[in-house]
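Novice: mmCIF, C-alpha atoms, file structure_11.cif:
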```
data_work
loop_
_atom_site.label_atom_id
_atom_site.label_comp_id
_atom_site.auth_asym_id
_atom_site.auth_seq_id
_atom_site.Cartn_x
_atom_site.Cartn_y
_atom_site.Cartn_z
CA MET C 1 0.00 0.00 0.00
CA LYS C 2 1.15 3.52 -0.83
CA HIS C 3 0.64 4.84 2.68
CA THR C 4 1.87 1.79 4.58
CA VAL C 5 3.70 2.76 7.74
CA THR C 6 6.90 0.72 7.91
CA LEU C 7 8.03 -1.04 11.04
CA SER C 8 11.13 1.12 11.20
CA ARG C 9 8.97 4.25 11.43
CA LEU C 10 6.97 2.75 14.30
CA ARG C 11 10.18 1.94 16.08
CA ALA C 12 11.49 5.45 15.52
CA CYS C 13 8.29 6.92 16.96
CA ALA C 14 8.57 4.72 20.03
CA ILE C 15 12.15 5.81 20.67
CA ALA C 16 11.28 9.46 20.07
CA ALA C 17 8.43 9.25 22.58
CA ALA C 18 10.77 7.80 25.17
CA VAL C 19 13.33 10.56 24.60
CA LEU C 20 10.66 13.24 25.01
CA VAL C 21 9.54 11.72 28.26
CA LEU C 22 13.06 11.45 29.60
CA SER C 23 13.62 15.13 28.88
CA GLY C 24 10.46 16.46 30.46
CA CYS C 25 8.55 14.01 32.62
CA ALA C 26 8.31 14.55 36.38
CA THR C 27 8.99 11.69 38.73
CA THR C 28 5.95 10.15 40.39
CA ALA C 29 7.19 7.01 42.16
CA ASN C 30 9.22 5.91 45.19
CA ASN C 31 10.95 2.97 43.49
CA PRO C 32 14.45 4.21 42.52
CA GLN C 33 14.51 1.81 39.58
CA ASP C 34 11.28 3.29 38.24
CA PRO C 35 11.25 7.09 38.73
CA LEU C 36 8.96 7.47 35.69
CA GLU C 37 6.33 5.06 36.98
CA GLY C 38 3.42 7.39 36.21
CA TYR C 39 4.41 7.62 32.54
CA ASN C 40 5.36 3.95 32.37
CA ARG C 41 1.99 2.83 33.71
CA ALA C 42 0.21 5.02 31.15
CA VAL C 43 2.23 3.47 28.32
CA PHE C 44 1.66 0.01 29.77
CA SER C 45 -2.09 0.63 29.67
CA PHE C 46 -1.83 1.82 26.06
CA ASN C 47 0.24 -1.22 25.04
CA ASP C 48 -2.16 -3.51 26.88
CA ALA C 49 -5.14 -2.00 25.05
CA VAL C 50 -3.42 -2.50 21.67
CA ASP C 51 -2.53 -6.05 22.63
CA ARG C 52 -6.07 -6.93 23.71
CA ALA C 53 -7.66 -5.31 20.66
CA VAL C 54 -5.24 -6.44 17.95
CA LEU C 55 -2.20 -8.54 18.80
CA LYS C 56 -3.65 -11.16 21.15
CA PRO C 57 -6.72 -11.98 18.99
CA THR C 58 -4.53 -12.15 15.88
CA ALA C 59 -1.96 -14.35 17.61
CA THR C 60 -4.70 -16.62 18.97
CA GLY C 61 -6.15 -17.06 15.48
CA TYR C 62 -2.66 -17.64 14.06
CA LYS C 63 -1.96 -20.36 16.60
CA LYS C 64 -5.29 -22.09 15.90
CA VAL C 65 -5.20 -21.89 12.09
CA VAL C 66 -1.54 -22.21 11.12
CA PRO C 67 -0.19 -25.78 11.36
CA GLY C 68 2.34 -26.39 14.09
CA PHE C 69 5.16 -27.28 11.69
CA ALA C 70 4.63 -23.98 9.84
CA GLN C 71 4.77 -22.02 13.10
CA THR C 72 8.00 -23.82 13.98
CA GLY C 73 9.42 -22.96 10.57
CA VAL C 74 8.57 -19.26 10.96
CA ASN C 75 10.08 -19.19 14.44
CA ASN C 76 13.21 -20.98 13.25
CA PHE C 77 13.60 -18.67 10.24
CA PHE C 78 13.63 -15.43 12.22
CA GLY C 79 15.56 -17.04 15.06
CA ASN C 80 18.24 -17.98 12.57
CA LEU C 81 18.53 -14.36 11.39
CA SER C 82 18.99 -13.25 14.99
CA ASP C 83 21.91 -15.66 15.42
CA ALA C 84 24.06 -13.46 13.15
CA TRP C 85 23.66 -10.37 15.35
CA SER C 86 23.96 -12.50 18.48
CA SER C 87 27.30 -13.76 17.18
CA ILE C 88 28.62 -10.20 16.74
CA ASN C 89 27.53 -9.23 20.25
CA ASN C 90 29.21 -12.29 21.72
CA PHE C 91 32.47 -11.29 20.04
CA LEU C 92 32.06 -7.70 21.29
CA GLN C 93 31.64 -9.09 24.82
CA GLY C 94 34.82 -11.12 24.50
CA LYS C 95 32.99 -14.46 24.36
CA GLY C 96 34.77 -15.90 21.34
CA GLU C 97 33.53 -19.47 21.71
CA ASP C 98 29.87 -18.42 21.95
CA GLY C 99 30.34 -16.01 19.05
CA ALA C 100 31.80 -18.75 16.88
CA THR C 101 28.97 -21.10 17.87
CA ASP C 102 26.28 -18.58 16.92
CA PHE C 103 28.01 -17.82 13.62
CA GLY C 104 28.25 -21.55 12.94
CA ARG C 105 24.56 -21.94 13.71
CA PHE C 106 23.70 -19.17 11.27
CA ALA C 107 25.88 -20.66 8.52
CA LEU C 108 24.67 -24.24 9.05
CA ASN C 109 20.96 -23.44 9.33
CA SER C 110 21.04 -20.96 6.44
CA THR C 111 22.40 -23.64 4.11
CA PHE C 112 21.55 -27.18 5.18
CA GLY C 113 18.62 -25.92 7.22
CA VAL C 114 16.93 -24.40 4.14
CA LEU C 115 17.31 -20.69 4.97
CA GLY C 116 16.83 -21.43 8.66
CA LEU C 117 13.45 -23.14 8.41
CA PHE C 118 14.99 -26.19 10.11
CA ASP C 119 17.13 -25.83 13.23
CA ILE C 120 19.60 -28.60 12.52
CA ALA C 121 22.33 -26.75 14.43
CA SER C 122 20.60 -27.43 17.76
CA GLU C 123 20.32 -31.10 16.85
CA ALA C 124 24.04 -31.03 16.09
CA GLY C 125 24.77 -29.85 19.64
CA MET C 126 25.30 -26.14 18.91
CA PRO C 127 23.44 -24.21 21.64
CA LYS C 128 21.65 -20.98 20.78
CA HIS C 129 22.56 -17.71 22.52
CA ASN C 130 20.38 -14.62 22.52
CA GLU C 131 22.65 -11.60 22.80
CA ASP C 132 21.78 -8.01 21.91
CA PHE C 133 23.61 -4.69 22.12
CA GLY C 134 21.93 -3.77 25.40
CA GLN C 135 23.56 -6.82 26.97
CA THR C 136 26.86 -5.84 25.35
CA LEU C 137 26.68 -2.36 26.89
CA GLY C 138 25.91 -3.96 30.25
CA LYS C 139 28.92 -6.24 29.86
CA TRP C 140 31.03 -3.15 29.20
CA GLY C 141 29.90 -1.70 32.51
CA VAL C 142 27.14 0.66 31.36
CA PRO C 143 24.46 0.76 34.10
CA SER C 144 20.91 -0.13 33.13
CA GLY C 145 19.43 3.15 34.28
CA PRO C 146 15.73 3.49 35.14
CA PHE C 147 13.05 1.17 33.86
CA LEU C 148 11.28 2.47 30.77
CA MET C 149 8.08 1.25 29.10
CA LEU C 150 8.21 2.01 25.37
CA PRO C 151 5.09 2.53 23.23
CA LEU C 152 4.42 -0.66 21.23
CA LEU C 153 7.88 -2.08 21.99
CA GLY C 154 7.24 -2.86 25.66
CA PRO C 155 9.57 -3.03 28.68
CA SER C 156 13.06 -1.61 28.45
CA THR C 157 15.61 0.48 30.35
CA VAL C 158 17.46 3.66 29.43
CA ARG C 159 20.50 1.57 28.46
CA ASP C 160 18.47 -0.89 26.39
CA THR C 161 16.62 1.96 24.68
CA ALA C 162 19.93 3.60 23.76
CA ALA C 163 21.02 0.26 22.28
CA LEU C 164 17.94 -0.11 20.05
CA PRO C 165 19.37 1.72 16.98
CA ALA C 166 22.28 -0.74 16.91
CA ASP C 167 19.92 -3.71 17.35
CA PHE C 168 17.69 -2.45 14.54
CA ALA C 169 20.73 -1.99 12.28
CA GLY C 170 21.89 -5.52 13.12
CA ASP C 171 18.56 -7.06 12.09
CA ILE C 172 19.15 -8.71 8.71
CA TRP C 173 15.45 -8.64 7.83
CA LYS C 174 15.58 -4.82 7.91
CA TYR C 175 17.43 -4.92 4.56
CA LYS C 176 15.03 -7.27 2.80
CA ASP C 177 13.63 -6.02 -0.53
CA PRO C 178 11.05 -5.35 -1.82
CA THR C 179 9.52 -3.24 0.96
CA ASN C 180 6.11 -4.94 0.91
CA VAL C 181 7.71 -8.34 1.49
CA ARG C 182 9.77 -6.88 4.35
CA ASN C 183 6.66 -5.38 5.97
CA ILE C 184 4.63 -8.58 5.62
CA GLY C 185 7.48 -10.58 7.09
CA ALA C 186 7.83 -8.12 9.96
CA GLY C 187 4.11 -8.46 10.70
CA VAL C 188 4.27 -12.27 10.66
CA ARG C 189 7.30 -12.11 12.93
CA ILE C 190 5.44 -10.00 15.50
CA VAL C 191 2.36 -12.24 15.43
CA ASP C 192 4.46 -15.41 15.70
CA LYS C 193 6.37 -14.01 18.67
CA ARG C 194 3.13 -12.97 20.39
CA ALA C 195 1.71 -16.46 19.77
CA THR C 196 4.63 -18.04 21.62
CA LEU C 197 3.82 -15.87 24.64
CA LEU C 198 0.09 -16.60 24.82
CA ASP C 199 0.30 -19.13 27.64
CA ALA C 200 2.64 -16.94 29.67
CA SER C 201 0.48 -13.84 29.24
CA ASN C 202 -2.67 -15.74 30.21
CA LEU C 203 -0.94 -16.97 33.36
CA LEU C 204 0.20 -13.43 34.13
CA GLU C 205 -3.33 -12.07 33.77
CA GLU C 206 -4.68 -14.69 36.14
CA ALA C 207 -1.95 -14.63 38.79
CA ALA C 208 -0.61 -11.08 39.12
CA LEU C 209 -2.44 -8.54 41.30
CA ASP C 210 -0.42 -5.73 39.71
CA ARG C 211 0.59 -6.87 36.22
CA TYR C 212 2.69 -3.78 35.58
CA GLU C 213 4.78 -4.25 38.71
CA PHE C 214 5.15 -7.96 38.04
CA LEU C 215 6.31 -7.31 34.46
CA ARG C 216 8.69 -4.53 35.50
CA ASP C 217 10.39 -6.50 38.27
CA GLY C 218 10.61 -9.63 36.16
CA TYR C 219 12.13 -7.74 33.24
CA MET C 220 14.77 -6.01 35.38
CA GLN C 221 15.80 -9.29 37.01
CA ARG C 222 15.89 -11.12 33.69
CA ARG C 223 18.02 -8.46 32.01
CA GLN C 224 20.50 -8.47 34.88
CA SER C 225 20.75 -12.25 34.60
CA GLN C 226 21.25 -12.02 30.82
CA VAL C 227 24.05 -9.46 31.12
CA TYR C 228 25.95 -11.74 33.51
CA ASP C 229 24.93 -14.97 31.73
CA GLY C 230 23.08 -16.16 34.82
CA ASP C 231 26.06 -15.67 37.13
CA VAL C 232 25.18 -12.33 38.75
CA PRO C 233 28.00 -11.01 40.99
CA ARG C 234 27.07 -10.75 44.67
CA GLN C 235 27.62 -6.98 44.72
CA ALA C 236 25.29 -6.40 41.76
CA ASP C 237 22.66 -8.62 43.36
CA ASP C 238 22.98 -6.79 46.69
CA ASP C 239 22.67 -3.42 44.95
CA ALA C 240 19.46 -4.51 43.22
CA ASP C 241 18.02 -5.73 46.52
CA ALA C 242 18.96 -2.46 48.21
CA ASP C 243 17.25 -0.46 45.48
CA ALA C 244 14.12 -2.58 45.77
CA ASN C 245 13.99 -2.13 49.56
CA SER C 246 14.81 1.58 49.67
CA GLN C 247 11.27 2.89 49.23
CA VAL C 248 10.41 5.28 52.06
CA VAL C 249 6.79 4.20 52.45
CA PRO C 250 5.44 0.86 51.17
CA GLN C 251 2.56 1.51 48.78
CA PRO C 252 -0.41 -0.89 48.89
CA VAL C 253 -1.74 -2.15 45.59
CA SER C 254 -4.90 -0.29 44.73
CA PRO C 255 -7.85 -2.24 43.30
CA ASP C 256 -7.72 -0.37 40.00
CA LYS C 257 -4.14 -1.48 39.20
CA LYS C 258 -4.83 -4.52 37.10
#
```
Turn the structure described in the file into structure tokens.
Specialist:
Amino acid sequence: MKHTVTLSRLRACAIAAAVLVLSGCATTANNPQDPLEGYNRAVFSFNDAVDRAVLKPTATGYKKVVPGFAQTGVNNFFGNLSDAWSSINNFLQGKGEDGATDFGRFALNSTFGVLGLFDIASEAGMPKHNEDFGQTLGKWGVPSGPFLMLPLLGPSTVRDTAALPADFAGDIWKYKDPTNVRNIGAGVRIVDKRATLLDASNLLEEAALDRYEFLRDGYMQRRQSQVYDGDVPRQADDDADADANSQVVPQPVSPDKK
């Protein structure tokens, strides 16, 4: 379509919105990891509304209609593309063996795996690593900064948001021509990823009293674990606990925070 908004433009808008907020939003929370909680909750509500109206129903239909082997092929295809950027980030972090493994996965699956539709590298004993530039910056000692909820893109931090341009540039699918094929593929990629999270999101909706807080805390812990490859130094763990316990007055969860 002539007026189709490309995925890159949506991403740019999300980053621009975050930058505007960082430059002019007042703090509204006691949690030192989330000084922009008022803004973040508003964006979370917006993202949740978009998900409920569009993404979740589409992903549910996709999971019901598309055969399982086709879903696996789509997931493998885009996962294979991500292995190339993951390899570069492993090398940047000084993890040569993991970088070589991810590059080998990409080469093997792209050829004998029919453009990545089949993950024969995993069957060959080559484990997959998921590394991005935000993790690389963390490995280099850049602090995560405050939690940040991005429009459409979801949970992030100031460090991870600053790393997004590099991650977008490292996405091989970004350079696919023609544009309409790239946009269709990007849409399928988003729907497929949302479909893989359906069970987790349903569990979250049923179990969490405050879904925003649950998502925020889980994301921050997961990112810290990813930066240190699961072996978080004691000092970093103690600092995170101190931040979490440094609120002046505990705030009860209000009934309207769902």
Novice: Have a look at atom CA of Gly134 of chain C and atom CA of Asp229 of chain C and let me know their distance in Å, one decimal.
Specialist: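 A separation of 13.2 Å between them.
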Novice: For the structure provided, state which residues fall under the PyMOL selection byres ((chain C and resi 226) around 12), and present them as an NGL selection string.
Specialist: :C and (129-139 or 219-225 or 227-232)
Novice: Find, counting all atoms listed in the file, the residue in C:Thr58, C:Ala200, C:Arg216, C:Val142 that gets nearest to Ala163 of chain C.
Specialist: C:Val142
Novice: So how many Å separate atom CA of Ala166 of chain C and atom CA of Ser87 of chain C, to one decimal?
Specialist: 14.0 Å
Novice: Measuring atom to atom with all atoms listed in the file, identify which of C:Phe106, C:Phe147, C:Phe214, C:Phe46 is nearest to Ser122 of chain C.
Specialist: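 Of all the options, C:Phe106 lies closest to Ser122 of chain C.
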Novice: Let me make sure I understand: among C:Val66, C:Ala42, C:Leu81, C:Ala100, which one has the smallest atom-to-atom distance to Tyr175 of chain C if we use all atoms listed in the file?
Specialist: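 Nearest candidate to Tyr175 of chain C out of C:Val66, C:Ala42, C:Leu81, C:Ala100: C:Leu81.
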Novice: Applying 7 Å and all atoms listed in the file, which residues near Ser144 of chain C remain after dropping the ones on its own chain fewer than 6 positions away? List them as a PDB file with C-alpha atoms, in the coordinates of the input.
Specialist:
```
ATOM      1  CA  GLY C 138      25.910  -3.960  30.250  1.00  0.00           C
ATOM      2  CA  THR C 157      15.610   0.480  30.350  1.00  0.00           C
ATOM      3  CA  VAL C 158      17.460   3.660  29.430  1.00  0.00           C
ATOM      4  CA  ARG C 159      20.500   1.570  28.460  1.00  0.00           C
TER       5      ARG C 159
END
```
Novice: So, counting only C-alpha atoms, which residue among C:Asp217, C:Asp199, C:Asp177, C:Glu206 is closest to Thr60 of chain C?
Specialist: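 For Thr60 of chain C, the nearest of the given residues is C:Asp199.
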Novice: Check which residues of segment 32-75 of chain C sit at most 8 Å from segment 188-192 of chain C using all atoms listed in the file, and return one row each with the closest pair of atoms and their distance in Å to one decimal, ordered by chain and rising number, as a Markdown table.
Specialist:
```
| residue | atom | partner | partner_atom | distance |
| --- | --- | --- | --- | --- |
| C:Leu55 | CA | C:Val191 | CA | 6.8 |
| C:Thr58 | CA | C:Val191 | CA | 6.9 |
| C:Ala59 | CA | C:Val191 | CA | 5.3 |
| C:Tyr62 | CA | C:Val191 | CA | 7.5 |
| C:Gln71 | CA | C:Asp192 | CA | 7.1 |
| C:Val74 | CA | C:Asp192 | CA | 7.4 |
| C:Asn75 | CA | C:Asp192 | CA | 6.9 |
```
Novice: What is the distance, in Å and to one decimal place, between atom CA of Phe118 of chain C and atom CA of Leu153 of chain C?
Specialist: 27.8 Å
Novice: Taking only C-alpha atoms into account, which of C:Phe78, C:Gly96, C:Ile88, C:Lys56 comes nearest Arg194 of chain C?
Specialist: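 Answer, going by the shortest atom-to-atom distance: C:Lys56.
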